[in-house]
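Q: Got a structure here, written out as structure tokens. Questions coming.
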Amino acid sequence: MEINYVAIGERIREIRTKSNLTQAVLAERAGIEPSNLSHIERAATKVSLPTLISIANALEVSLDELVYGSLIKNSHVSVKILEDVLSNCTPYEQMVLSEFLNDAIKSFRKFKS
């Protein structure tokens, strides 16, 4: 499996913006240049492991949350993403989404066979 640098950059940008951080602030916290962070978010450059760890620490997330799209075993991250989505929903919305997901799973399995 190849590393999906586009997905990594998108996840960094998504988490950064949800945290109300500018590129300059995150870059400072991660100890990198703002232009470097911009290149990483746009996948114009391949991010190194030490830099990725610095960014994860600055965002206060786990490394696997950033490389989620490049991992084969990532169900724990998927569960966290779903929990985050559901935590912003009303009980009624959670119920509807639960039913929708169950129906979608049944359809996927039906057509996969």
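Ordered as shown in the structure tokens, chains take letters A, B, and onward, while each chain numbers its residues from 1 and ligands are numbered from 1 in the order shown.
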From a DSSP calculation on the backbone, collect every residue of segment 16-113 of chain A in helix (DSSP H, G or I) and output the set as a PyMOL selection string.
A: chain A and resi 16-18+23-30+34-41+49-59+63-66+68-70+75-87+91-112
Q: Using only C-alpha atoms, determine which residues lie at most 10 Å from Leu63 of chain A, disregarding the query and same-chain residues fewer than 6 positions distant; provide the list as a ChimeraX atom specification.
A: /A:49,52-57
Q: How would the residues just picked look written out with C-alpha atoms as a PDB file, in the first residue's frame?
A:
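Printed below is part17.pdb as written:
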```pdb
ATOM      1  CA  LEU A  49       7.984  10.973   9.711  1.00  0.00           C
ATOM      2  CA  LEU A  52       4.446  14.282  10.801  1.00  0.00           C
ATOM      3  CA  ILE A  53       4.982  13.406  14.464  1.00  0.00           C
ATOM      4  CA  SER A  54       5.616  17.085  15.269  1.00  0.00           C
ATOM      5  CA  ILE A  55       2.371  18.046  13.512  1.00  0.00           C
ATOM      6  CA  ALA A  56       0.407  15.293  15.285  1.00  0.00           C
ATOM      7  CA  ASN A  57       1.752  16.461  18.649  1.00  0.00           C
TER       8      ASN A  57
END
```
Q: Could you give me, as number ranges by chain, the residues within 12 Å of segment 13-27 of chain A, counting only C-alpha atoms and dropping anything in the same chain fewer than 2 positions from it?
A: A: 6-11, 29-43, 51-52, 54-62, 65-66, 81, 84
Q: Report, in Å with one decimal, the straight-line distance from atom CA of Asn102 of chain A to atom CA of Glu83 of chain A.
A: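 Interatomic distance here is 15.8 Å.
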Q: Please measure the separation of atom CA of Ala104 of chain A and atom CA of Tyr68 of chain A, giving the value in Å to one decimal.
A: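 A separation of 22.0 Å between them.
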